[in-house]
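See below for work04.cif, which holds mmCIF, C-alpha atoms.
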```cif
data_work
loop_
_atom_site.group_PDB
_atom_site.id
_atom_site.type_symbol
_atom_site.label_atom_id
_atom_site.label_comp_id
_atom_site.auth_asym_id
_atom_site.auth_seq_id
_atom_site.Cartn_x
_atom_site.Cartn_y
_atom_site.Cartn_z
ATOM 1 C CA MET H 18 89.588 93.882 80.034
ATOM 2 C CA GLY H 19 87.468 95.952 77.660
ATOM 3 C CA PRO H 20 88.247 98.457 74.909
ATOM 4 C CA LEU H 21 90.732 100.391 77.067
ATOM 5 C CA GLN H 22 92.659 97.193 77.839
ATOM 6 C CA THR H 23 92.437 97.568 81.585
ATOM 7 C CA ASN H 24 94.560 95.246 83.700
ATOM 8 C CA CYS H 25 92.481 93.354 86.251
ATOM 9 C CA TYR H 26 94.100 90.923 88.644
ATOM 10 C CA VAL H 27 93.287 87.677 90.421
ATOM 11 C CA VAL H 28 95.673 87.390 93.375
ATOM 12 C CA ALA H 29 95.418 83.755 94.373
ATOM 13 C CA ASN H 30 96.530 81.699 97.341
ATOM 14 C CA GLU H 31 97.041 78.259 95.857
ATOM 15 C CA GLU H 32 97.305 76.675 99.320
ATOM 16 C CA THR H 33 93.869 77.816 100.475
ATOM 17 C CA ASN H 34 92.253 78.034 97.015
ATOM 18 C CA GLU H 35 91.145 81.584 97.864
ATOM 19 C CA ALA H 36 91.718 84.803 95.944
ATOM 20 C CA ILE H 37 91.284 88.546 95.730
ATOM 21 C CA ILE H 38 90.190 90.392 92.599
ATOM 22 C CA ILE H 39 91.708 93.821 91.976
ATOM 23 C CA ASP H 40 89.592 95.952 89.616
ATOM 24 C CA ALA H 41 86.737 94.675 87.478
ATOM 25 C CA GLY H 42 86.880 96.111 83.985
ATOM 26 C CA MET H 43 84.429 95.838 81.135
ATOM 27 C CA HIS H 44 83.650 92.476 79.499
ATOM 28 C CA PRO H 45 85.074 90.478 82.422
ATOM 29 C CA GLY H 46 84.572 87.008 80.965
ATOM 30 C CA GLU H 47 88.246 86.071 81.058
ATOM 31 C CA LEU H 48 88.592 87.469 84.570
ATOM 32 C CA LEU H 49 85.632 85.420 85.752
ATOM 33 C CA ASP H 50 86.980 82.284 84.095
ATOM 34 C CA LYS H 51 90.197 82.643 86.066
ATOM 35 C CA ALA H 52 88.462 83.633 89.299
ATOM 36 C CA ASN H 53 86.142 80.640 88.997
ATOM 37 C CA GLU H 54 89.034 78.435 90.096
ATOM 38 C CA TYR H 55 89.015 80.062 93.547
ATOM 39 C CA GLU H 56 86.804 81.251 96.371
ATOM 40 C CA VAL H 57 86.972 85.026 95.913
ATOM 41 C CA GLN H 58 87.157 86.820 99.260
ATOM 42 C CA ALA H 59 87.009 90.444 98.112
ATOM 43 C CA ILE H 60 86.933 92.771 95.101
ATOM 44 C CA LEU H 61 89.248 95.737 95.597
ATOM 45 C CA LEU H 62 88.940 98.818 93.377
ATOM 46 C CA THR H 63 91.931 101.084 92.825
ATOM 47 C CA HIS H 64 89.536 103.783 91.621
ATOM 48 C CA ALA H 65 86.095 104.123 90.054
ATOM 49 C CA HIS H 66 86.673 105.101 86.435
ATOM 50 C CA PHE H 67 84.364 103.094 84.201
ATOM 51 C CA ASP H 68 87.139 101.019 82.660
ATOM 52 C CA HIS H 69 87.985 99.697 86.131
ATOM 53 C CA MET H 70 84.400 99.100 87.329
ATOM 54 C CA GLY H 71 82.456 98.457 84.120
ATOM 55 C CA GLY H 72 82.264 94.730 84.829
ATOM 56 C CA LEU H 73 81.854 95.051 88.582
ATOM 57 C CA GLU H 74 78.221 93.987 88.858
ATOM 58 C CA GLN H 75 78.878 90.860 86.825
ATOM 59 C CA VAL H 76 81.902 89.995 88.934
ATOM 60 C CA ARG H 77 80.157 90.712 92.216
ATOM 61 C CA LYS H 78 77.115 88.619 91.326
ATOM 62 C CA LYS H 79 79.217 85.728 90.054
ATOM 63 C CA THR H 80 81.607 85.598 93.014
ATOM 64 C CA GLY H 81 79.391 86.874 95.812
ATOM 65 C CA ALA H 82 82.392 88.823 97.112
ATOM 66 C CA PRO H 83 82.092 92.250 98.765
ATOM 67 C CA VAL H 84 83.521 95.357 97.113
ATOM 68 C CA TYR H 85 86.018 97.752 98.698
ATOM 69 C CA ILE H 86 86.632 101.307 97.468
ATOM 70 C CA HIS H 87 88.008 104.562 98.833
ATOM 71 C CA HIS H 88 85.282 106.598 100.489
ATOM 72 C CA ALA H 89 85.893 109.565 98.153
ATOM 73 C CA GLU H 90 84.682 107.534 95.163
ATOM 74 C CA GLN H 91 81.773 105.608 96.631
ATOM 75 C CA GLU H 92 79.315 107.817 94.737
ATOM 76 C CA TRP H 93 81.220 107.384 91.483
ATOM 77 C CA LEU H 94 79.933 103.838 91.199
ATOM 78 C CA THR H 95 76.349 105.052 90.889
ATOM 79 C CA ASN H 96 77.002 108.215 88.863
ATOM 80 C CA PRO H 97 78.019 107.946 85.162
ATOM 81 C CA ALA H 98 79.071 111.601 85.103
ATOM 82 C CA LEU H 99 81.601 110.946 87.865
ATOM 83 C CA ASN H 100 82.906 107.574 86.655
ATOM 84 C CA GLY H 101 83.323 108.991 83.155
ATOM 85 C CA SER H 102 81.163 106.539 81.270
ATOM 86 C CA SER H 103 78.676 109.185 80.170
ATOM 87 C CA ASN H 104 81.491 110.904 78.282
ATOM 88 C CA TRP H 105 82.332 107.818 76.210
ATOM 89 C CA PRO H 106 79.060 106.777 74.500
ATOM 90 C CA MET H 107 80.957 105.044 71.715
ATOM 91 C CA ILE H 108 82.192 102.299 74.056
ATOM 92 C CA GLY H 109 79.066 101.413 75.933
ATOM 93 C CA GLY H 110 77.285 104.449 77.287
ATOM 94 C CA PRO H 111 76.478 105.309 80.915
ATOM 95 C CA MET H 112 77.510 102.673 83.461
ATOM 96 C CA THR H 113 76.399 102.276 87.043
ATOM 97 C CA THR H 114 76.672 99.647 89.720
ATOM 98 C CA ASP H 115 75.521 99.279 93.296
ATOM 99 C CA ARG H 116 77.519 100.977 96.031
ATOM 100 C CA ALA H 117 80.504 99.186 97.500
ATOM 101 C CA GLU H 118 79.905 97.244 100.698
ATOM 102 C CA HIS H 119 83.028 98.673 102.333
ATOM 103 C CA GLU H 120 85.080 101.878 102.197
ATOM 104 C CA VAL H 121 88.834 102.084 102.730
ATOM 105 C CA LYS H 122 91.282 104.784 103.745
ATOM 106 C CA ASP H 123 95.016 105.296 103.905
ATOM 107 C CA GLY H 124 96.785 102.940 106.271
ATOM 108 C CA ASP H 125 94.055 100.310 106.428
ATOM 109 C CA LEU H 126 95.394 96.769 106.675
ATOM 110 C CA LEU H 127 93.005 94.230 105.197
ATOM 111 C CA THR H 128 93.381 90.466 105.378
ATOM 112 C CA PHE H 129 91.942 88.204 102.699
ATOM 113 C CA ALA H 130 92.904 84.797 101.358
ATOM 114 C CA GLY H 131 95.873 84.662 103.703
ATOM 115 C CA PHE H 132 97.286 87.950 102.367
ATOM 116 C CA ASN H 133 97.800 91.202 104.236
ATOM 117 C CA VAL H 134 96.751 94.084 101.990
ATOM 118 C CA GLN H 135 97.991 97.568 102.853
ATOM 119 C CA VAL H 136 95.868 100.433 101.542
ATOM 120 C CA MET H 137 97.850 103.437 100.303
ATOM 121 C CA GLU H 138 96.020 106.598 99.269
ATOM 122 C CA THR H 139 97.550 107.742 95.966
ATOM 123 C CA PRO H 140 95.223 110.454 94.632
ATOM 124 C CA GLY H 141 95.921 112.549 91.577
ATOM 125 C CA HIS H 142 94.521 110.486 88.723
ATOM 126 C CA THR H 143 91.279 110.547 90.701
ATOM 127 C CA PRO H 144 90.520 112.007 94.146
ATOM 128 C CA GLY H 145 90.089 108.590 95.754
ATOM 129 C CA GLY H 146 92.740 106.631 93.910
ATOM 130 C CA VAL H 147 94.468 103.994 96.009
ATOM 131 C CA SER H 148 97.259 101.480 95.560
ATOM 132 C CA PHE H 149 97.305 98.087 97.251
ATOM 133 C CA LEU H 150 100.545 96.650 98.616
ATOM 134 C CA ILE H 151 100.680 92.898 99.145
ATOM 135 C CA GLY H 152 104.117 91.879 100.349
ATOM 136 C CA GLN H 153 106.510 93.188 97.717
ATOM 137 C CA GLU H 154 103.858 93.490 95.025
ATOM 138 C CA LEU H 155 102.154 96.821 94.405
ATOM 139 C CA PHE H 156 98.886 97.163 92.508
ATOM 140 C CA SER H 157 99.051 100.808 91.491
ATOM 141 C CA GLY H 158 95.888 101.297 89.448
ATOM 142 C CA ASP H 159 96.327 104.321 87.196
ATOM 143 C CA THR H 160 98.821 106.082 89.472
ATOM 144 C CA LEU H 161 102.086 104.651 88.160
ATOM 145 C CA PHE H 162 102.763 102.872 84.871
ATOM 146 C CA ALA H 163 105.879 101.477 83.252
ATOM 147 C CA HIS H 164 107.638 104.578 81.842
ATOM 148 C CA SER H 165 104.622 106.784 82.611
ATOM 149 C CA ILE H 166 102.022 107.988 85.105
ATOM 150 C CA GLY H 167 98.244 108.295 85.138
ATOM 151 C CA ARG H 168 96.580 111.061 83.184
ATOM 152 C CA THR H 169 95.361 114.042 85.153
ATOM 153 C CA ASP H 170 93.272 115.910 82.574
ATOM 154 C CA LEU H 171 90.015 114.182 83.526
ATOM 155 C CA PRO H 172 87.573 115.602 86.110
ATOM 156 C CA GLY H 173 89.069 115.302 89.584
ATOM 157 C CA GLY H 174 92.602 114.854 88.266
ATOM 158 C CA ASN H 175 95.498 116.843 89.698
ATOM 159 C CA TYR H 176 99.033 116.551 88.339
ATOM 160 C CA GLU H 177 100.811 118.001 91.364
ATOM 161 C CA GLN H 178 98.856 115.713 93.664
ATOM 162 C CA LEU H 179 99.677 112.666 91.551
ATOM 163 C CA ILE H 180 103.403 113.442 91.572
ATOM 164 C CA ARG H 181 103.236 113.954 95.330
ATOM 165 C CA SER H 182 101.492 110.601 95.762
ATOM 166 C CA ILE H 183 104.229 108.862 93.799
ATOM 167 C CA GLN H 184 107.030 110.675 95.613
ATOM 168 C CA GLU H 185 105.664 110.230 99.130
ATOM 169 C CA LYS H 186 103.990 106.821 98.948
ATOM 170 C CA LEU H 187 105.507 104.752 96.152
ATOM 171 C CA LEU H 188 109.127 105.776 95.679
ATOM 172 C CA PRO H 189 110.050 105.025 99.319
ATOM 173 C CA LEU H 190 109.116 101.357 98.750
ATOM 174 C CA PRO H 191 111.999 98.902 98.232
ATOM 175 C CA GLU H 192 113.383 99.119 94.708
ATOM 176 C CA GLU H 193 112.593 95.455 94.078
ATOM 177 C CA THR H 194 108.883 96.067 94.675
ATOM 178 C CA ARG H 195 107.069 94.841 91.589
ATOM 179 C CA VAL H 196 104.434 97.200 90.244
ATOM 180 C CA TYR H 197 101.299 95.867 88.580
ATOM 181 C CA PRO H 198 99.573 98.872 86.953
ATOM 182 C CA GLY H 199 96.078 99.423 85.648
ATOM 183 C CA HIS H 200 97.322 99.437 82.055
ATOM 184 C CA GLY H 201 100.401 98.133 80.303
ATOM 185 C CA PRO H 202 103.245 95.878 81.479
ATOM 186 C CA ASP H 203 104.467 95.392 85.023
ATOM 187 C CA THR H 204 107.639 97.062 86.253
ATOM 188 C CA THR H 205 109.555 97.733 89.471
ATOM 189 C CA ILE H 206 110.022 100.779 91.670
ATOM 190 C CA GLY H 207 113.769 100.694 91.045
ATOM 191 C CA PHE H 208 113.350 100.607 87.273
ATOM 192 C CA GLU H 209 110.940 103.524 87.295
ATOM 193 C CA LYS H 210 113.291 105.603 89.441
ATOM 194 C CA LEU H 211 115.895 105.247 86.713
ATOM 195 C CA HIS H 212 113.804 105.299 83.537
ATOM 196 C CA ASN H 213 110.408 106.930 84.091
ATOM 197 C CA PRO H 214 110.747 110.478 82.687
ATOM 198 C CA PHE H 215 108.138 111.886 85.068
ATOM 199 C CA ILE H 216 109.951 110.448 88.073
ATOM 200 C CA VAL H 217 113.493 111.147 86.908
ATOM 201 C CA GLU H 218 112.563 114.803 86.472
ATOM 202 C CA THR H 219 111.362 115.046 90.078
ATOM 203 C CA LEU H 220 114.519 113.389 91.431
ATOM 204 C CA ARG H 221 116.915 115.893 89.842
#
```
Any chance you could put this one into structure tokens?
Amino acid sequence: MGPLQTNCYVVANEETNEAIIIDAGMHPGELLDKANEYEVQAILLTHAHFDHMGGLEQVRKKTGAPVYIHHAEQEWLTNPALNGSSNWPMIGGPMTTDRAEHEVKDGDLLTFAGFNVQVMETPGHTPGGVSFLIGQELFSGDTLFAHSIGRTDLPGGNYEQLIRSIQEKLLPLPEETRVYPGHGPDTTIGFEKLHNPFIVETLR
């Protein structure tokens, strides 16, 4: 979605015709078209950078679903200086949305659309970054990418913290766990252990 090509996901239960949306990027028309096929139970945000919440108000109004975000980034939704949109005037200018209806923390187990969603705090890209584990599928936001990791040079970023999040929370997952990141192609934990230069360096 949007000029930064943010990955947003509709996780659907075809048996119940219900779904979860993970992240709501800018210009969410395609996302809404797909979500329109289901009753959306919740909108989960991996973090509150503008490219992941720029379409949130549209998505929330269209689906009527409540929003969940880590408590450390609740205020980011209403503050363009925190969500970064005020720093990128060339792609749309300051962006705000209403506060999330619910806040999450590490270890929370949420149930929507017949899925159990485990909340994993994975800060480093942002202070309140989280990943969502659904079975053997991990939605990692901007924490872990195929062959790379999230940037840490933006306000609130911390490289050491990000590496620690990956080492302590993500790498212990089964190697077959499929990773759906906030940008770029999907991958697996096992593949990244072998081929991601940031991870390989830490495992030496």
Identify all residues satisfying the PyMOL selection byres ((chain H and resi 121-123) around 12) in the given file; provide them as an mmCIF file with C-alpha atoms, in the coordinates of the input.
```cif
data_model
loop_
_atom_site.group_PDB
_atom_site.id
_atom_site.type_symbol
_atom_site.label_atom_id
_atom_site.label_comp_id
_atom_site.auth_asym_id
_atom_site.auth_seq_id
_atom_site.Cartn_x
_atom_site.Cartn_y
_atom_site.Cartn_z
ATOM 1 C CA LEU H 61 89.248 95.737 95.597
ATOM 2 C CA LEU H 62 88.940 98.818 93.377
ATOM 3 C CA THR H 63 91.931 101.084 92.825
ATOM 4 C CA HIS H 64 89.536 103.783 91.621
ATOM 5 C CA VAL H 84 83.521 95.357 97.113
ATOM 6 C CA TYR H 85 86.018 97.752 98.698
ATOM 7 C CA ILE H 86 86.632 101.307 97.468
ATOM 8 C CA HIS H 87 88.008 104.562 98.833
ATOM 9 C CA HIS H 88 85.282 106.598 100.489
ATOM 10 C CA ALA H 89 85.893 109.565 98.153
ATOM 11 C CA GLU H 90 84.682 107.534 95.163
ATOM 12 C CA GLN H 91 81.773 105.608 96.631
ATOM 13 C CA ALA H 117 80.504 99.186 97.500
ATOM 14 C CA GLU H 118 79.905 97.244 100.698
ATOM 15 C CA HIS H 119 83.028 98.673 102.333
ATOM 16 C CA GLU H 120 85.080 101.878 102.197
ATOM 17 C CA GLY H 124 96.785 102.940 106.271
ATOM 18 C CA ASP H 125 94.055 100.310 106.428
ATOM 19 C CA LEU H 126 95.394 96.769 106.675
ATOM 20 C CA LEU H 127 93.005 94.230 105.197
ATOM 21 C CA VAL H 134 96.751 94.084 101.990
ATOM 22 C CA GLN H 135 97.991 97.568 102.853
ATOM 23 C CA VAL H 136 95.868 100.433 101.542
ATOM 24 C CA MET H 137 97.850 103.437 100.303
ATOM 25 C CA GLU H 138 96.020 106.598 99.269
ATOM 26 C CA THR H 139 97.550 107.742 95.966
ATOM 27 C CA PRO H 140 95.223 110.454 94.632
ATOM 28 C CA GLY H 145 90.089 108.590 95.754
ATOM 29 C CA GLY H 146 92.740 106.631 93.910
ATOM 30 C CA VAL H 147 94.468 103.994 96.009
ATOM 31 C CA SER H 148 97.259 101.480 95.560
ATOM 32 C CA PHE H 149 97.305 98.087 97.251
ATOM 33 C CA LEU H 150 100.545 96.650 98.616
ATOM 34 C CA SER H 182 101.492 110.601 95.762
ATOM 35 C CA LYS H 186 103.990 106.821 98.948
#
```
- Message: Taking (90.9, 97.7, 73.4) in the coordinates of the supplied file, I want to know which residues reach to within 12 Å of it, counting only C-alpha atoms; could you give the answer as a count of residues only?
- Response: 14
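With all atoms listed in the file as the atoms that count, the residue of H:Lys51, H:His69, H:Lys79, H:Arg116 with the shortest distance to Val28 in chain H is H:Lys51.
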- Task: Considering all atoms listed in the file, state which residue in the set H:Gly141, H:Gly173, H:Pro83, H:Pro189 is at the smallest distance from Ile39 in chain H.
- Result: H:Pro83
- Task: Report the distance between CA of Glu35 in chain H and CA of Leu155 in chain H in Å, rounded to one decimal place.
- Result: 19.1 Å
Missing atoms in range 104-120 of chain H: fill them in up to N, CA and C atoms and send the result as a PDB file, in the frame of the given file.
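Resulting contents of part-v9.pdb:
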```pdb
ATOM      1  N   ASN H 104      80.701 110.144  79.256  1.00  0.00           N
ATOM      2  CA  ASN H 104      81.491 110.904  78.282  1.00  0.00           C
ATOM      3  C   ASN H 104      82.023 110.044  77.145  1.00  0.00           C
ATOM      4  N   TRP H 105      81.794 108.732  77.219  1.00  0.00           N
ATOM      5  CA  TRP H 105      82.332 107.818  76.210  1.00  0.00           C
ATOM      6  C   TRP H 105      81.198 106.952  75.641  1.00  0.00           C
ATOM      7  N   PRO H 106      80.203 107.561  74.992  1.00  0.00           N
ATOM      8  CA  PRO H 106      79.060 106.777  74.500  1.00  0.00           C
ATOM      9  C   PRO H 106      79.458 105.738  73.466  1.00  0.00           C
ATOM     10  N   MET H 107      80.562 105.966  72.773  1.00  0.00           N
ATOM     11  CA  MET H 107      80.957 105.044  71.715  1.00  0.00           C
ATOM     12  C   MET H 107      81.450 103.695  72.241  1.00  0.00           C
ATOM     13  N   ILE H 108      81.704 103.579  73.549  1.00  0.00           N
ATOM     14  CA  ILE H 108      82.192 102.299  74.056  1.00  0.00           C
ATOM     15  C   ILE H 108      81.251 101.677  75.079  1.00  0.00           C
ATOM     16  N   GLY H 109      80.012 102.115  75.082  1.00  0.00           N
ATOM     17  CA  GLY H 109      79.066 101.413  75.933  1.00  0.00           C
ATOM     18  C   GLY H 109      78.052 102.280  76.640  1.00  0.00           C
ATOM     19  N   GLY H 110      78.264 103.576  76.665  1.00  0.00           N
ATOM     20  CA  GLY H 110      77.285 104.449  77.287  1.00  0.00           C
ATOM     21  C   GLY H 110      77.384 104.475  78.797  1.00  0.00           C
ATOM     22  N   PRO H 111      76.431 105.143  79.457  1.00  0.00           N
ATOM     23  CA  PRO H 111      76.478 105.309  80.915  1.00  0.00           C
ATOM     24  C   PRO H 111      76.517 103.975  81.651  1.00  0.00           C
ATOM     25  N   MET H 112      77.365 103.897  82.662  1.00  0.00           N
ATOM     26  CA  MET H 112      77.510 102.673  83.461  1.00  0.00           C
ATOM     27  C   MET H 112      77.315 103.000  84.932  1.00  0.00           C
ATOM     28  N   THR H 113      76.565 102.144  85.594  1.00  0.00           N
ATOM     29  CA  THR H 113      76.399 102.276  87.043  1.00  0.00           C
ATOM     30  C   THR H 113      76.452 100.891  87.670  1.00  0.00           C
ATOM     31  N   THR H 114      76.712 100.881  88.950  1.00  0.00           N
ATOM     32  CA  THR H 114      76.672  99.647  89.720  1.00  0.00           C
ATOM     33  C   THR H 114      76.229 100.003  91.129  1.00  0.00           C
ATOM     34  N   ASP H 115      75.886  99.013  91.910  1.00  0.00           N
ATOM     35  CA  ASP H 115      75.521  99.279  93.296  1.00  0.00           C
ATOM     36  C   ASP H 115      76.718  99.817  94.063  1.00  0.00           C
ATOM     37  N   ARG H 116      76.454 100.464  95.176  1.00  0.00           N
ATOM     38  CA  ARG H 116      77.519 100.977  96.031  1.00  0.00           C
ATOM     39  C   ARG H 116      78.382  99.830  96.560  1.00  0.00           C
ATOM     40  N   ALA H 117      79.608 100.166  96.892  1.00  0.00           N
ATOM     41  CA  ALA H 117      80.504  99.186  97.500  1.00  0.00           C
ATOM     42  C   ALA H 117      80.055  98.872  98.923  1.00  0.00           C
ATOM     43  N   GLU H 118      80.275  97.649  99.346  1.00  0.00           N
ATOM     44  CA  GLU H 118      79.905  97.244 100.698  1.00  0.00           C
ATOM     45  C   GLU H 118      80.818  97.871 101.754  1.00  0.00           C
ATOM     46  N   HIS H 119      82.058  98.165 101.363  1.00  0.00           N
ATOM     47  CA  HIS H 119      83.028  98.673 102.333  1.00  0.00           C
ATOM     48  C   HIS H 119      83.828  99.827 101.732  1.00  0.00           C
ATOM     49  N   GLU H 120      84.232 100.765 102.597  1.00  0.00           N
ATOM     50  CA  GLU H 120      85.080 101.878 102.197  1.00  0.00           C
ATOM     51  C   GLU H 120      86.430 101.747 102.885  1.00  0.00           C
TER      52      GLU H 120
END
```
